[in-house]
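A short worksheet on the structure shown next.
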Amino acid sequence: MHLKSLKNNILIYLLVFTIIPLFLGSSIILYNGYNSEKKNILYNHSQYLKQAKAQITSLLEDIEDKGEYVKKNYSRKKHNLVTGLLHVSKSINTIMILNNDGILTDFSSSTNDRIFIGYDYSNTHFFKALQKGKKSHWTDVYLSWDNYTPSISYSFRIDPNTLAVFIINLRALDDFSDKFKSGDGSSMIRIVDKEGIYISYLEYPEAVYQRKTILNTEVYKKYIKNNKIDEQIIFFDSKKEKNIGVYGLSEKLHWTIIIKEKYDYVFKTYYANLWFIILFTLLLFSISIYFSFRLSKSILRPLDLLSDKMDDIAKGKTIEKIEENHYSELEKLSQNFLLMQKKIALRENENRQKDKQIYDSIKMAQMGEMIGNIAHQWRQPLSVISTAASGMKMQKEYGLLDDAQFEHCCDLIVDSTQFLSETIETFRNFIRDKKEVREVILQEEIESILKIVSASLTNNHITLVNKIDYTHKINLLLSVGELSQVVINIINNAKDILLEKKIKDPLIIISLFEDKRGIILTIEDNAGGVPQEIIGKIFDPYFTTKHQSQGTGLGLHMSYRIVTESLKGDLIVENTKKGAKFFIVLPLK
Amino acid sequence: MELIYKKSLGILCILLIFIGCENKQDSDLKIGFFAGLSGKYSNLGVSSRDGFMLAFDEINYTIKNQKIQIIEKDDQQKDQKAKETIEYFVDNNIKLIVGNTTSSMTKVALPLIPKDTLLLSSTASSSFFTKKDDNLLRIQVDNSSKRYISLAKSFISKGYKNIFFIYDSKNKAHTDDYNYILEKIFIDQGGKKYIGKEDLNSKYSNILVQLQKTKSDMIVIVGNSVDSASIIQYLRLHNVHAKIFVSGWAKTNDFIMQGGKAIEGVLFSGTYDENSQDKRFLRFKTAYENKYKKSPSVFALQGYELAQIIIQNLRNSMDVQTLKQRILQIKRYDGLQGDIIFDKYGDVMRNFFMMEVRNSKFVVMDD
């Protein structure tokens, strides 16, 4: 499992829970500020748009009023009216009077000397429109033949046989557009005729002279084409400058009027505030980061201290005191750790005493078993000595003791005492050399061990079957005392269970052989085996099936530990058809 | 702590990637377009531009995922402006230039075009550029001897022998062809030397006086549509009844609109028929009218055809350096009215036919 660092997590949480609210708060302020600024701009632009629409209508109506004037007075004043009107009208370049066939009958022009009475204008749009019955007609932008500049014209009927045409200079619109200026000095207005041709674009007059169309521009494709009338529009112009504004249609000729300002200029104040807010937010970020670190440090320092103290405790050092800290929870934790340390020490002491008691009881049990074995071993020779001695006494009293008999009894007594002496030596070796490691012939050592238990087994009518292979001597560096303890323990356990279960023809089979796993000593009985449900637990400490007065539950545990830890081998138990079989596996080297 | 550093580094990397994306290099293919877009000659320029733009508009200014940026300039039919425009294009490393629309301005621009830059014109017709292995390609048929022979023969066959020549001296490269080559061929074909020559920019009254001094039966006018219509109105008004032939330069709607009934019967020679029923032409005409709300002129059509040739070749390869070779290699292109066939010099061949204004329309003459 991947372990996370508590310190890093606390620090991250502190940072996240201070920075995120700050970030969200400042973002909301900025977003609202931006939206509010946009709304103000939209309101202002909408006002400008209204003014522009009104003034364009007024400009066109002024021309139409002049038309009305011509209509009413031409029949009376004729040419003087035309020249007089042209003189006072800056926006009109040329006034033409046509007859019903489209033939020029009268005119006055401030820009063209190539118009002549009698010219035929019957193919023109304005003439055709009036011929179709219209009372008046405004054209879109076209290249005027009077001064070769883009122009528009207004034509109307004076009477059923007479028509008038005003050719209007688009510069009149430039004068009008010039009134709409942004704070940075740039023109705020662009006007486009209903076919998309620019008719006023002060910042880029070439667009008008070159009869450029708005159809390929972003503002057209994004907004005008999609009828986003009176909505706020944000677009890049041909100079790749970002603009913000609004557009609408003039009522009279459906010209598109775009009111716009440079985006960067109108948001200048907002940007200034934006930087201030960003800097202020960054300052708050820094402060919150600083305090997050401080706070995490003040919380984590006592934790570090505690952690160090725990390390010391784990290494076995005794801690008398933990530095006081300002947090009640951590102080309580410190005190609890100290208390826990004391309790652990106390429990360790108790365990040590308990272990000692157990060790003593094991020792006593071993001693008891050993004495039992000695008793079994000694019973027969002592009986022989006693019989021989008492036989000699009785024969002596009856005068039957002859020299041969006496010698025979003495030999029996000497042989028996020698046997007793040998037995004492065997037991002494067993007890004395418990952990001494020496090179031995394994068969011989096992033979000695069996001697210790053989009498006890014989007395209990248990047959010991020796299947040890004596032909191939096994030399081994071994702690014989430890191996003896294990073998005797297992044989005694087998003996106990055989007796307890009162097995008919009880037997214990010992074998020794060598295979690829190592040297294997097996001890097998016919007591029916270990119940399957406990077979996995028999090497556990304090586990016993015997009555409390008989077993400590440590015998097999100690055997297991001796084989696995000290002899570096393995101790395995299996059930055979008749009983249990223990395998003591010893390494070859 | 290490975790925090790793996370911070990750965020920084993401930011750098974003910044990197924002600052990516502009890789648009730039095409320079220049023409007389304002003033007296702007009908030609504006029409060519609108036709040219329409073709790119149809492909959303994108070829093979690469954006096409068309940089538009107005030379105002002035030598100095034309020179400045070329300098601007060269300074901005623009290797593909479309322009100019009049032969005079093309003549000014061509010597300034670097060797690695290609100049493409849709309307320059002067024979000055004919059979020259230069970096000019054009889809306007040149004013070649072949063209003038058929024109001269046509005049003679109809009995016109006394030609009075009125020309616009401000587009000399174009008018010189009519002034000298047509006259020579006309003589070669059995006609006479022009019986009078007048600059269209002179006072009309002076032109009339000179004309009335002669007994011309044919007036050849080489000028733009507005000027040509105006002088014809003036001449007819003053009872000049000679047959009038006008160069293709004037063949626009403005000529019809401003010529009134005075232009009825005026002759033109050209390669385009405004009333053609060719499907490709009709499709173009519809698209043009939908966009610009007016009928396309011959020059709009030629601008569109030129753009289509460029687009077709850029689709094969965006390499401008080899564009001329590739255009000439393909040689034959589908025009809006018949094939456009390039010769090895980048001049084109198309069939000419005579047209006449009838009922305010350009009508192809049967004979």
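Ordering of the structure tokens sets the chain letters (A, B, ...), residue numbers begin anew at 1 in every chain, and ligands are numbered from 1 in the order given.
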
Helix (DSSP H, G or I) residues, from DSSP on the backbone, in segment 167-278 of chain B, as a PyMOL selection string: chain B and resi 169-188+204-213+225-237+248-250+253-263

Would you tabulate, counting only C-alpha atoms, all residues of chain A that have an atom at most 7 Å from an atom of chain B, showing the closest pair of atoms and their distance in Å to one decimal, sorted by chain then ascending number, as JSON lines?
```
{"residue": "A:Asn8", "atom": "CA", "partner": "B:Met1", "partner_atom": "CA", "distance": 6.0}
{"residue": "A:Gly118", "atom": "CA", "partner": "B:Leu237", "partner_atom": "CA", "distance": 6.7}
{"residue": "A:Tyr119", "atom": "CA", "partner": "B:Gln233", "partner_atom": "CA", "distance": 6.1}
{"residue": "A:Asp120", "atom": "CA", "partner": "B:Gly260", "partner_atom": "CA", "distance": 4.7}
{"residue": "A:Tyr121", "atom": "CA", "partner": "B:Gly260", "partner_atom": "CA", "distance": 5.3}
{"residue": "A:Ser122", "atom": "CA", "partner": "B:Gly260", "partner_atom": "CA", "distance": 5.5}
{"residue": "A:Asn123", "atom": "CA", "partner": "B:Met257", "partner_atom": "CA", "distance": 4.6}
{"residue": "A:Thr124", "atom": "CA", "partner": "B:Met257", "partner_atom": "CA", "distance": 4.9}
{"residue": "A:Trp145", "atom": "CA", "partner": "B:Val226", "partner_atom": "CA", "distance": 6.2}
{"residue": "A:Tyr148", "atom": "CA", "partner": "B:Lys40", "partner_atom": "CA", "distance": 5.0}
{"residue": "A:Thr149", "atom": "CA", "partner": "B:Gly39", "partner_atom": "CA", "distance": 5.9}
{"residue": "A:Glu195", "atom": "CA", "partner": "B:Lys293", "partner_atom": "CA", "distance": 6.5}
{"residue": "A:Tyr209", "atom": "CA", "partner": "B:Ser38", "partner_atom": "CA", "distance": 5.1}
{"residue": "A:Gln210", "atom": "CA", "partner": "B:Ser38", "partner_atom": "CA", "distance": 4.7}
```

Contacts between segment 122-125 of chain B and segment 256-340 of chain B, please, where a residue of segment 256-340 of chain B counts if it comes within 7 Å (with only C-alpha atoms); show its shortest atom pair and distance in Å to one decimal, rows by chain and ascending number, as JSON lines.
```
{"residue": "B:Phe299", "atom": "CA", "partner": "B:Thr123", "partner_atom": "CA", "distance": 6.8}
{"residue": "B:Gln302", "atom": "CA", "partner": "B:Ser122", "partner_atom": "CA", "distance": 5.5}
{"residue": "B:Gly303", "atom": "CA", "partner": "B:Ser122", "partner_atom": "CA", "distance": 5.6}
{"residue": "B:Leu306", "atom": "CA", "partner": "B:Ser122", "partner_atom": "CA", "distance": 6.0}
```

Go ahead and save the residues from that selection, with N, CA and C atoms, as an mmCIF file, in the first residue's frame.
```cif
data_model
loop_
_atom_site.group_PDB
_atom_site.id
_atom_site.type_symbol
_atom_site.label_atom_id
_atom_site.label_comp_id
_atom_site.auth_asym_id
_atom_site.auth_seq_id
_atom_site.Cartn_x
_atom_site.Cartn_y
_atom_site.Cartn_z
ATOM 1 N N PHE B 299 -14.569 41.113 -66.178
ATOM 2 C CA PHE B 299 -13.353 41.155 -65.349
ATOM 3 C C PHE B 299 -13.524 40.354 -64.060
ATOM 4 N N GLN B 302 -12.988 36.849 -65.111
ATOM 5 C CA GLN B 302 -11.574 36.529 -65.315
ATOM 6 C C GLN B 302 -10.837 36.422 -63.976
ATOM 7 N N GLY B 303 -11.206 37.283 -63.053
ATOM 8 C CA GLY B 303 -10.612 37.220 -61.707
ATOM 9 C C GLY B 303 -10.914 35.879 -61.064
ATOM 10 N N LEU B 306 -8.897 33.047 -62.793
ATOM 11 C CA LEU B 306 -7.489 33.067 -62.386
ATOM 12 C C LEU B 306 -7.354 32.428 -60.990
#
```

In terms of the shortest atom-to-atom distance over only C-alpha atoms, which of B:Ala152, B:Leu44, B:Leu336, B:Ile187 is closest to Gly99 of chain B?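 For Gly99 of chain B, the nearest of the given residues is B:Leu44.
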
Could you check the closest approach to Asp515 of chain A for each of A:Glu447, A:Lys262, A:Glu533, A:Pro587 and tell me which residue wins, using only C-alpha atoms?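 Nearest to Asp515 of chain A: A:Pro587.
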
Quick one: everything within 8 Å of Ser456 of chain A, counting only C-alpha atoms, minus sequence neighbours fewer than 2 positions away in the same chain. Send it as a PyMOL selection string. chain A and resi 372-373+376-377+453-454+458-460

So which residues touch segment 157-161 of chain B within 10 Å, counting only C-alpha atoms, skipping near sequence neighbours fewer than 5 positions away, as a PyMOL selection string? chain B and resi 151-152+186-187+190-195+216-219+242-243

If you count only C-alpha atoms, which residues fall within 7 Å of Gln443 of chain A, apart from same-chain ones fewer than 5 positions away, as a ChimeraX atom specification? /A:470,473-474

Distance query Met318 of chain B at most 9 Å, only C-alpha atoms, self and fewer than 5 positions along chain excluded, as number ranges by chain: B: 29, 63-64, 66, 313, 323

Could you save the residues just selected, with C-alpha atoms, as a PDB file, in the first residue's frame?
```pdb
ATOM      1  CA  LEU B  29       0.131  31.569 -47.362  1.00  0.00           C
ATOM      2  CA  ILE B  63      -6.182  24.965 -49.032  1.00  0.00           C
ATOM      3  CA  LYS B  64      -4.877  21.707 -47.570  1.00  0.00           C
ATOM      4  CA  GLN B  66      -3.400  26.045 -44.722  1.00  0.00           C
ATOM      5  CA  ASN B 313      -2.426  24.128 -58.509  1.00  0.00           C
ATOM      6  CA  LEU B 323       3.835  27.304 -59.367  1.00  0.00           C
TER       7      LEU B 323
END
```

Could you tell me, as a PDB file with C-alpha atoms, in the first residue's frame, which residues of segment 179-278 of chain B DSSP assigns to strand (DSSP E or B) when given the backbone?
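Written out: result.pdb:
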```pdb
ATOM      1  CA  GLY B 196      -7.510  60.802 -86.922  1.00  0.00           C
ATOM      2  CA  LYS B 197      -6.340  60.086 -83.380  1.00  0.00           C
ATOM      3  CA  GLU B 198      -7.515  61.841 -80.234  1.00  0.00           C
ATOM      4  CA  ASP B 199      -6.866  61.368 -76.542  1.00  0.00           C
ATOM      5  CA  MET B 218     -15.583  53.747 -88.044  1.00  0.00           C
ATOM      6  CA  ILE B 219     -14.608  55.099 -84.661  1.00  0.00           C
ATOM      7  CA  VAL B 220     -12.400  52.870 -82.506  1.00  0.00           C
ATOM      8  CA  ILE B 221     -12.509  53.817 -78.843  1.00  0.00           C
ATOM      9  CA  VAL B 222     -10.081  52.369 -76.285  1.00  0.00           C
ATOM     10  CA  LYS B 243     -20.041  52.845 -86.556  1.00  0.00           C
ATOM     11  CA  ILE B 244     -18.255  52.594 -83.203  1.00  0.00           C
ATOM     12  CA  PHE B 245     -15.980  49.823 -82.014  1.00  0.00           C
ATOM     13  CA  VAL B 246     -14.945  49.819 -78.347  1.00  0.00           C
ATOM     14  CA  LEU B 267     -19.255  46.735 -81.534  1.00  0.00           C
ATOM     15  CA  PHE B 268     -16.967  44.809 -79.223  1.00  0.00           C
ATOM     16  CA  SER B 269     -14.598  41.953 -79.793  1.00  0.00           C
ATOM     17  CA  GLY B 270     -14.106  39.538 -76.931  1.00  0.00           C
TER      18      GLY B 270
END
```

Hey, can you check how far atom CA of Leu253 of chain A sits from atom CA of Ser295 of chain B? 21.5 Å

Shell of 9 Å around Asp133 of chain B, only C-alpha atoms, local chain residues under 2 positions omitted, as an mmCIF file with N, CA and C atoms, in the first residue's frame:
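And here is the file that came out, selection01.cif:
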```
data_model
loop_
_atom_site.group_PDB
_atom_site.id
_atom_site.type_symbol
_atom_site.label_atom_id
_atom_site.label_comp_id
_atom_site.auth_asym_id
_atom_site.auth_seq_id
_atom_site.Cartn_x
_atom_site.Cartn_y
_atom_site.Cartn_z
ATOM 1 N N THR B 130 3.781 39.686 -74.642
ATOM 2 C CA THR B 130 3.604 38.451 -75.402
ATOM 3 C C THR B 130 4.931 37.798 -75.742
ATOM 4 N N LYS B 131 4.929 36.473 -75.643
ATOM 5 C CA LYS B 131 6.075 35.626 -76.001
ATOM 6 C C LYS B 131 7.344 36.046 -75.269
ATOM 7 N N ASN B 135 8.382 36.282 -65.498
ATOM 8 C CA ASN B 135 7.598 35.687 -64.406
ATOM 9 C C ASN B 135 6.182 36.265 -64.347
ATOM 10 N N LEU B 136 5.609 36.492 -65.539
ATOM 11 C CA LEU B 136 4.208 36.931 -65.637
ATOM 12 C C LEU B 136 3.380 35.832 -66.312
ATOM 13 N N LYS B 344 3.848 28.206 -73.924
ATOM 14 C CA LYS B 344 5.012 28.014 -73.049
ATOM 15 C C LYS B 344 5.474 29.303 -72.389
ATOM 16 N N TYR B 345 4.970 30.444 -72.903
ATOM 17 C CA TYR B 345 5.377 31.726 -72.303
ATOM 18 C C TYR B 345 4.390 32.210 -71.231
ATOM 19 N N GLY B 346 3.318 31.451 -71.035
ATOM 20 C CA GLY B 346 2.323 31.855 -70.045
ATOM 21 C C GLY B 346 1.261 32.773 -70.622
#
```
